[in-house]
>>> print(open('entry.cif').read())   # mmCIF, C-alpha atoms; chains and numbers go by the auth columns
data_input
loop_
_atom_site.group_PDB
_atom_site.id
_atom_site.type_symbol
_atom_site.label_atom_id
_atom_site.label_comp_id
_atom_site.label_asym_id
_atom_site.label_seq_id
_atom_site.Cartn_x
_atom_site.Cartn_y
_atom_site.Cartn_z
_atom_site.B_iso_or_equiv
_atom_site.auth_seq_id
_atom_site.auth_asym_id
ATOM 1 C CA MET A 1 13.747 -28.734 0.244 0.00 30 T
ATOM 2 C CA ASP A 2 13.337 -26.217 3.096 0.00 31 T
ATOM 3 C CA LYS A 3 9.668 -25.199 3.147 0.00 32 T
ATOM 4 C CA LYS A 4 10.335 -21.916 4.964 0.00 33 T
ATOM 5 C CA ALA A 5 12.955 -20.914 2.364 0.00 34 T
ATOM 6 C CA LEU A 6 10.582 -21.909 -0.448 0.00 35 T
ATOM 7 C CA LEU A 7 7.805 -19.792 1.080 0.00 36 T
ATOM 8 C CA GLU A 8 10.128 -16.810 1.462 0.00 37 T
ATOM 9 C CA ALA A 9 11.247 -17.174 -2.174 0.00 38 T
ATOM 10 C CA ALA A 10 7.638 -17.406 -3.394 0.00 39 T
ATOM 11 C CA MET A 11 6.666 -14.278 -1.472 0.00 40 T
ATOM 12 C CA PHE A 12 9.752 -12.465 -2.726 0.00 41 T
ATOM 13 C CA VAL A 13 8.901 -13.000 -6.391 0.00 42 T
ATOM 14 C CA SER A 14 5.126 -12.601 -6.108 0.00 43 T
ATOM 15 C CA ASP A 15 3.708 -9.230 -7.134 0.00 44 T
ATOM 16 C CA LYS A 16 0.620 -9.739 -4.968 0.00 45 T
ATOM 17 C CA PRO A 17 -0.238 -11.266 -1.583 0.00 46 T
ATOM 18 C CA LEU A 18 -0.511 -15.050 -1.423 0.00 47 T
ATOM 19 C CA SER A 19 -3.639 -16.685 0.010 0.00 48 T
ATOM 20 C CA MET A 20 -3.364 -19.576 2.452 0.00 49 T
ATOM 21 C CA ASP A 21 -4.582 -21.959 -0.270 0.00 50 T
ATOM 22 C CA LYS A 22 -1.922 -20.700 -2.689 0.00 51 T
ATOM 23 C CA ILE A 23 0.791 -21.033 -0.027 0.00 52 T
ATOM 24 C CA SER A 24 -0.337 -24.590 0.737 0.00 53 T
ATOM 25 C CA ALA A 25 -0.243 -25.470 -2.958 0.00 54 T
ATOM 26 C CA ILE A 26 3.255 -24.007 -3.408 0.00 55 T
ATOM 27 C CA LEU A 27 4.575 -25.883 -0.374 0.00 56 T
ATOM 28 C CA GLY A 28 2.665 -29.065 -1.205 0.00 57 T
ATOM 29 C CA ILE A 29 1.162 -29.314 2.285 0.00 58 T
ATOM 30 C CA VAL A 30 -2.211 -28.782 3.983 0.00 59 T
ATOM 31 C CA ASN A 31 -3.282 -25.392 5.365 0.00 60 T
ATOM 32 C CA GLU A 32 -2.566 -26.285 9.010 0.00 61 T
ATOM 33 C CA GLU A 33 1.045 -27.172 8.208 0.00 62 T
ATOM 34 C CA ALA A 34 1.356 -24.052 6.038 0.00 63 T
ATOM 35 C CA LYS A 35 0.250 -21.933 9.023 0.00 64 T
ATOM 36 C CA GLU A 36 3.114 -23.418 11.044 0.00 65 T
ATOM 37 C CA VAL A 37 5.622 -22.589 8.299 0.00 66 T
ATOM 38 C CA LEU A 38 4.214 -19.044 8.089 0.00 67 T
ATOM 39 C CA GLU A 39 4.623 -18.626 11.840 0.00 68 T
ATOM 40 C CA GLU A 40 8.238 -19.861 11.673 0.00 69 T
ATOM 41 C CA LEU A 41 8.948 -17.357 8.899 0.00 70 T
ATOM 42 C CA ARG A 42 7.232 -14.557 10.850 0.00 71 T
ATOM 43 C CA GLN A 43 9.390 -15.274 13.905 0.00 72 T
ATOM 44 C CA ASP A 44 12.585 -15.314 11.828 0.00 73 T
ATOM 45 C CA LEU A 45 11.715 -11.994 10.218 0.00 74 T
ATOM 46 C CA GLN A 46 10.872 -10.297 13.516 0.00 75 T
ATOM 47 C CA LYS A 47 14.543 -10.372 14.398 0.00 76 T
ATOM 48 C CA ASN A 48 16.040 -6.885 14.300 0.00 77 T
ATOM 49 C CA ASP A 49 18.631 -7.820 11.690 0.00 78 T
ATOM 50 C CA ARG A 50 16.033 -8.178 8.904 0.00 79 T
ATOM 51 C CA GLY A 51 14.847 -5.293 6.748 0.00 80 T
ATOM 52 C CA TYR A 52 11.467 -6.738 5.855 0.00 81 T
ATOM 53 C CA GLU A 53 8.557 -8.399 7.604 0.00 82 T
ATOM 54 C CA LEU A 54 5.686 -10.775 6.938 0.00 83 T
ATOM 55 C CA SER A 55 2.427 -8.888 6.560 0.00 84 T
ATOM 56 C CA GLU A 56 -1.081 -10.314 6.538 0.00 85 T
ATOM 57 C CA GLY A 57 -3.877 -8.448 4.788 0.00 86 T
ATOM 58 C CA PRO A 58 -7.322 -9.245 3.464 0.00 87 T
ATOM 59 C CA GLU A 59 -5.863 -10.629 0.216 0.00 88 T
ATOM 60 C CA GLY A 60 -3.264 -12.841 1.903 0.00 89 T
ATOM 61 C CA PHE A 61 0.343 -12.769 3.053 0.00 90 T
ATOM 62 C CA GLU A 62 3.257 -10.785 1.635 0.00 91 T
ATOM 63 C CA LEU A 63 6.713 -9.525 2.464 0.00 92 T
ATOM 64 C CA ARG A 64 7.200 -5.790 2.864 0.00 93 T
ATOM 65 C CA VAL A 65 9.919 -3.429 4.036 0.00 94 T
ATOM 66 C CA LYS A 66 9.855 -2.663 7.755 0.00 95 T
ATOM 67 C CA LEU A 67 8.528 0.801 8.538 0.00 96 T
ATOM 68 C CA GLU A 68 11.797 2.070 10.005 0.00 97 T
ATOM 69 C CA TYR A 69 13.617 1.379 6.704 0.00 98 T
ATOM 70 C CA ARG A 70 10.893 2.381 4.267 0.00 99 T
ATOM 71 C CA GLU A 71 11.766 6.081 4.037 0.00 100 T
ATOM 72 C CA ARG A 72 15.407 5.346 3.245 0.00 101 T
ATOM 73 C CA VAL A 73 14.700 2.874 0.427 0.00 102 T
ATOM 74 C CA VAL A 74 11.500 4.277 -1.095 0.00 103 T
ATOM 75 C CA LYS A 75 13.444 5.995 -3.899 0.00 104 T
ATOM 76 C CA LEU A 76 14.325 2.545 -5.225 0.00 105 T
ATOM 77 C CA ALA A 77 10.660 1.588 -5.543 0.00 106 T
ATOM 78 C CA PRO A 78 8.960 1.622 -8.954 0.00 107 T
ATOM 79 C CA LEU A 79 6.604 4.498 -8.058 0.00 108 T
ATOM 80 C CA SER A 80 9.194 6.779 -6.458 0.00 109 T
ATOM 81 C CA ASP A 81 8.992 9.068 -9.461 0.00 110 T
ATOM 82 C CA LEU A 82 5.523 10.362 -8.502 0.00 111 T
ATOM 83 C CA SER A 83 5.593 14.158 -8.631 0.00 112 T
ATOM 84 C CA ASP A 84 4.552 16.346 -5.720 0.00 113 T
ATOM 85 C CA GLY A 85 1.338 17.189 -7.580 0.00 114 T
ATOM 86 C CA MET A 86 0.496 13.511 -8.025 0.00 115 T
ATOM 87 C CA MET A 87 1.262 12.862 -4.356 0.00 116 T
ATOM 88 C CA ARG A 88 -1.033 15.747 -3.309 0.00 117 T
ATOM 89 C CA THR A 89 -3.748 14.387 -5.569 0.00 118 T
ATOM 90 C CA LEU A 90 -3.289 10.921 -4.092 0.00 119 T
ATOM 91 C CA ALA A 91 -3.439 12.363 -0.561 0.00 120 T
ATOM 92 C CA LEU A 92 -6.717 14.133 -1.336 0.00 121 T
ATOM 93 C CA ILE A 93 -8.201 10.992 -2.858 0.00 122 T
ATOM 94 C CA SER A 94 -7.077 8.896 0.082 0.00 123 T
ATOM 95 C CA ALA A 95 -8.448 11.329 2.657 0.00 124 T
ATOM 96 C CA LYS A 96 -11.782 12.078 1.003 0.00 125 T
ATOM 97 C CA GLN A 97 -12.616 8.918 -0.939 0.00 126 T
ATOM 98 C CA PRO A 98 -14.788 8.350 -2.715 0.00 127 T
ATOM 99 C CA VAL A 99 -14.206 11.824 -4.100 0.00 128 T
ATOM 100 C CA LYS A 100 -15.374 13.583 -7.247 0.00 129 T
ATOM 101 C CA GLN A 101 -12.632 14.483 -9.694 0.00 130 T
ATOM 102 C CA SER A 102 -14.247 17.904 -10.109 0.00 131 T
ATOM 103 C CA LEU A 103 -13.609 18.653 -6.419 0.00 132 T
ATOM 104 C CA ILE A 104 -9.914 17.822 -6.734 0.00 133 T
ATOM 105 C CA VAL A 105 -9.691 19.978 -9.876 0.00 134 T
ATOM 106 C CA ARG A 106 -11.176 22.840 -7.853 0.00 135 T
ATOM 107 C CA TYR A 107 -8.365 22.455 -5.286 0.00 136 T
ATOM 108 C CA GLN A 108 -5.452 21.791 -7.628 0.00 137 T
ATOM 109 C CA GLY A 109 -6.362 22.963 -11.102 0.00 138 T
ATOM 110 C CA ASN A 110 -6.500 21.297 -14.510 0.00 139 T
ATOM 111 C CA LYS A 111 -3.267 19.299 -14.082 0.00 140 T
ATOM 112 C CA VAL A 112 -5.356 16.889 -12.003 0.00 141 T
ATOM 113 C CA TYR A 113 -6.724 15.301 -15.185 0.00 142 T
ATOM 114 C CA ASP A 114 -3.199 14.166 -16.132 0.00 143 T
ATOM 115 C CA TYR A 115 -2.405 13.117 -12.554 0.00 144 T
ATOM 116 C CA VAL A 116 -5.559 11.014 -12.337 0.00 145 T
ATOM 117 C CA ALA A 117 -4.834 9.329 -15.669 0.00 146 T
ATOM 118 C CA THR A 118 -1.268 8.489 -14.599 0.00 147 T
ATOM 119 C CA LEU A 119 -2.284 7.275 -11.132 0.00 148 T
ATOM 120 C CA GLU A 120 -4.972 5.079 -12.669 0.00 149 T
ATOM 121 C CA GLU A 121 -2.500 3.629 -15.210 0.00 150 T
ATOM 122 C CA ARG A 122 -0.196 2.726 -12.315 0.00 151 T
ATOM 123 C CA GLY A 123 -3.021 0.980 -10.494 0.00 152 T
ATOM 124 C CA LEU A 124 -3.075 3.219 -7.410 0.00 153 T
ATOM 125 C CA ILE A 125 -6.600 4.538 -7.986 0.00 154 T
ATOM 126 C CA LYS A 126 -9.716 3.569 -9.880 0.00 155 T
ATOM 127 C CA THR A 127 -12.321 5.824 -11.419 0.00 156 T
ATOM 128 C CA GLU A 128 -15.897 5.380 -12.453 0.00 157 T
ATOM 129 C CA LYS A 129 -18.212 7.659 -14.355 0.00 158 T
ATOM 130 C CA TYR A 130 -20.409 9.702 -12.027 0.00 159 T
ATOM 131 C CA GLN A 131 -22.793 12.215 -13.583 0.00 160 T
ATOM 132 C CA ARG A 132 -20.567 14.665 -15.486 0.00 161 T
ATOM 133 C CA THR A 133 -17.364 13.836 -13.603 0.00 162 T
ATOM 134 C CA LYS A 134 -15.579 10.779 -12.188 0.00 163 T
ATOM 135 C CA LEU A 135 -15.736 9.240 -8.741 0.00 164 T
ATOM 136 C CA ILE A 136 -12.256 8.240 -7.534 0.00 165 T
ATOM 137 C CA THR A 137 -11.114 5.723 -4.901 0.00 166 T
ATOM 138 C CA THR A 138 -7.819 4.057 -4.022 0.00 167 T
ATOM 139 C CA THR A 139 -7.062 0.432 -4.890 0.00 168 T
ATOM 140 C CA PRO A 140 -5.422 -2.432 -2.987 0.00 169 T
ATOM 141 C CA ASN A 141 -2.214 -1.539 -4.882 0.00 170 T
ATOM 142 C CA PHE A 142 -2.281 1.845 -3.128 0.00 171 T
ATOM 143 C CA GLU A 143 -2.375 0.120 0.257 0.00 172 T
ATOM 144 C CA ARG A 144 0.346 -2.330 -0.755 0.00 173 T
ATOM 145 C CA TYR A 145 2.620 0.440 -2.031 0.00 174 T
ATOM 146 C CA PHE A 146 2.284 2.651 1.038 0.00 175 T
ATOM 147 C CA GLY A 147 2.155 -0.249 3.483 0.00 176 T
ATOM 148 C CA LYS A 148 -0.931 1.133 5.196 0.00 177 T
ATOM 149 C CA SER A 149 -4.629 1.201 4.500 0.00 178 T
ATOM 150 C CA ALA A 150 -6.200 4.417 3.248 0.00 179 T
ATOM 151 C CA GLU A 151 -7.961 4.709 6.622 0.00 180 T
ATOM 152 C CA GLU A 152 -4.644 4.484 8.529 0.00 181 T
ATOM 153 C CA LEU A 153 -3.091 7.115 6.255 0.00 182 T
ATOM 154 C CA LYS A 154 -6.152 9.330 6.747 0.00 183 T
ATOM 155 C CA GLN A 155 -5.770 9.098 10.541 0.00 184 T
ATOM 156 C CA MET A 156 -2.045 9.882 10.329 0.00 185 T
ATOM 157 C CA LEU A 157 -2.768 12.867 8.082 0.00 186 T
ATOM 158 C CA SER A 158 -5.464 14.173 10.456 0.00 187 T
ATOM 159 C CA LYS A 159 -3.095 13.842 13.409 0.00 188 T
ATOM 160 C CA LYS A 160 -0.343 15.682 11.525 0.00 189 T
ATOM 161 C CA ILE A 161 -2.758 18.497 10.587 0.00 190 T
ATOM 162 C CA GLU A 162 -3.812 18.877 14.242 0.00 191 T
ATOM 163 C CA GLU A 163 -0.179 18.979 15.389 0.00 192 T
ATOM 164 C CA THR A 164 0.583 21.651 12.796 0.00 193 T
ATOM 165 C CA LYS A 165 -2.426 23.723 13.915 0.00 194 T
ATOM 166 C CA GLN A 166 -1.226 23.514 17.533 0.00 195 T
ATOM 167 C CA GLU A 167 2.274 24.637 16.535 0.00 196 T
ATOM 168 C CA VAL A 168 0.856 27.593 14.594 0.00 197 T
ATOM 169 C CA LYS A 169 -1.234 28.700 17.600 0.00 198 T
ATOM 170 C CA GLN A 170 1.839 28.785 19.872 0.00 199 T
#
>>> encode(input="entry.cif", output="structure tokens")
Amino acid sequence: MDKKALLEAAMFVSDKPLSMDKISAILGIVNEEAKEVLEELRQDLQKNDRGYELSEGPEGFELRVKLEYRERVVKLAPLSDLSDGMMRTLALISAKQPVKQSLIVRYQGNKVYDYVATLEERGLIKTEKYQRTKLITTTPNFERYFGKSAEELKQMLSKKIEETKQEVKQ
């Protein structure tokens, strides 16, 4: 059995990143050999004719769509039905986290309560009781879905805001 093909299949069907130990167990080899197989797979996927890549994060390794294709295929993803209001709420949470729900309600109104409930059900955010409101943060699922960490998205958003301000001034 081709170990690289087995690894690719395992990553394809897994709904979460695979740790090195898990990869080794699936392949039936020690970690050092598994690292070699991972590197072979990474090199194969770096070719321009592939639409996805091997990504390493704190939770392990996973396959994800290459950035240049993501925008074109995102509508096929399970969370593509997020409304504009939910996306704005998610953007605020991502940029300001941890953030009080009451602050987001002040910006967006009472619909936020429904947005927060839906986003939490989908595993993109988590809430915890904080005084008379909730404190909200993003989850690892958020980072997996968007392919970037909340910090990277925050930096991109800040850059975009600055560019927009410069355009308005001109």
>>> atom_distance(input="entry.cif", atom1="CA of Phe90 in chain T", atom2="CA of Val103 in chain T")
20.8 Å
>>> resolve_selection(input="entry.cif", expression="the PyMOL selection byres ((chain T and resi 79) around 12)", output="PyMOL selection string")
chain T and resi 70-78+80-83+92-98
>>> resolve_selection(input="entry.cif", expression="the PyMOL selection byres ((chain T and resi 88) around 8)", output="number ranges by chain")
T: 46-48, 85-87, 89-90
>>> residues_around(input="entry.cif", residues="range 49-65 of chain T", least_positions_apart="6", cutoff="9 Å", atoms="only C-alpha atoms", output="count of residues only")
7
>>> resolve_selection(input="entry.cif", expression="the PyMOL selection byres ((chain T and resi 127) around 9)", output="NGL selection string")
:T and (122-126 or 128-129 or 164-167)
>>> build_atoms(input="entry.cif", residues="range 156-170 of chain T", atoms="N, CA and C atoms", output="PDB file, in the frame of the given file")
ATOM      1  N   THR T 156     -11.298   4.809 -11.175  1.00  0.00           N
ATOM      2  CA  THR T 156     -12.321   5.824 -11.419  1.00  0.00           C
ATOM      3  C   THR T 156     -13.549   5.169 -12.022  1.00  0.00           C
ATOM      4  N   GLU T 157     -14.669   5.809 -11.787  1.00  0.00           N
ATOM      5  CA  GLU T 157     -15.897   5.380 -12.453  1.00  0.00           C
ATOM      6  C   GLU T 157     -16.700   6.623 -12.795  1.00  0.00           C
ATOM      7  N   LYS T 158     -17.395   6.542 -13.888  1.00  0.00           N
ATOM      8  CA  LYS T 158     -18.212   7.659 -14.355  1.00  0.00           C
ATOM      9  C   LYS T 158     -19.266   7.976 -13.306  1.00  0.00           C
ATOM     10  N   TYR T 159     -19.407   9.259 -12.984  1.00  0.00           N
ATOM     11  CA  TYR T 159     -20.409   9.702 -12.027  1.00  0.00           C
ATOM     12  C   TYR T 159     -20.947  11.040 -12.514  1.00  0.00           C
ATOM     13  N   GLN T 160     -22.168  11.034 -12.996  1.00  0.00           N
ATOM     14  CA  GLN T 160     -22.793  12.215 -13.583  1.00  0.00           C
ATOM     15  C   GLN T 160     -21.867  12.800 -14.641  1.00  0.00           C
ATOM     16  N   ARG T 161     -21.423  14.053 -14.469  1.00  0.00           N
ATOM     17  CA  ARG T 161     -20.567  14.665 -15.486  1.00  0.00           C
ATOM     18  C   ARG T 161     -19.087  14.664 -15.089  1.00  0.00           C
ATOM     19  N   THR T 162     -18.746  13.908 -14.076  1.00  0.00           N
ATOM     20  CA  THR T 162     -17.364  13.836 -13.603  1.00  0.00           C
ATOM     21  C   THR T 162     -17.008  12.374 -13.342  1.00  0.00           C
ATOM     22  N   LYS T 163     -15.970  12.130 -12.579  1.00  0.00           N
ATOM     23  CA  LYS T 163     -15.579  10.779 -12.188  1.00  0.00           C
ATOM     24  C   LYS T 163     -15.556  10.697 -10.671  1.00  0.00           C
ATOM     25  N   LEU T 164     -15.854   9.525 -10.161  1.00  0.00           N
ATOM     26  CA  LEU T 164     -15.736   9.240  -8.741  1.00  0.00           C
ATOM     27  C   LEU T 164     -14.460   8.423  -8.571  1.00  0.00           C
ATOM     28  N   ILE T 165     -13.583   8.846  -7.650  1.00  0.00           N
ATOM     29  CA  ILE T 165     -12.256   8.240  -7.534  1.00  0.00           C
ATOM     30  C   ILE T 165     -12.073   7.612  -6.152  1.00  0.00           C
ATOM     31  N   THR T 166     -11.481   6.410  -6.145  1.00  0.00           N
ATOM     32  CA  THR T 166     -11.114   5.723  -4.901  1.00  0.00           C
ATOM     33  C   THR T 166      -9.728   5.102  -5.075  1.00  0.00           C
ATOM     34  N   THR T 167      -9.112   4.742  -3.951  1.00  0.00           N
ATOM     35  CA  THR T 167      -7.819   4.057  -4.022  1.00  0.00           C
ATOM     36  C   THR T 167      -8.048   2.562  -4.249  1.00  0.00           C
ATOM     37  N   THR T 168      -6.996   1.869  -4.616  1.00  0.00           N
ATOM     38  CA  THR T 168      -7.062   0.432  -4.890  1.00  0.00           C
ATOM     39  C   THR T 168      -6.215  -0.330  -3.866  1.00  0.00           C
ATOM     40  N   PRO T 169      -6.310  -1.647  -3.857  1.00  0.00           N
ATOM     41  CA  PRO T 169      -5.422  -2.432  -2.987  1.00  0.00           C
ATOM     42  C   PRO T 169      -3.934  -2.194  -3.291  1.00  0.00           C
ATOM     43  N   ASN T 170      -3.614  -1.859  -4.539  1.00  0.00           N
ATOM     44  CA  ASN T 170      -2.214  -1.539  -4.882  1.00  0.00           C
ATOM     45  C   ASN T 170      -1.724  -0.312  -4.122  1.00  0.00           C
TER      46      ASN T 170
END
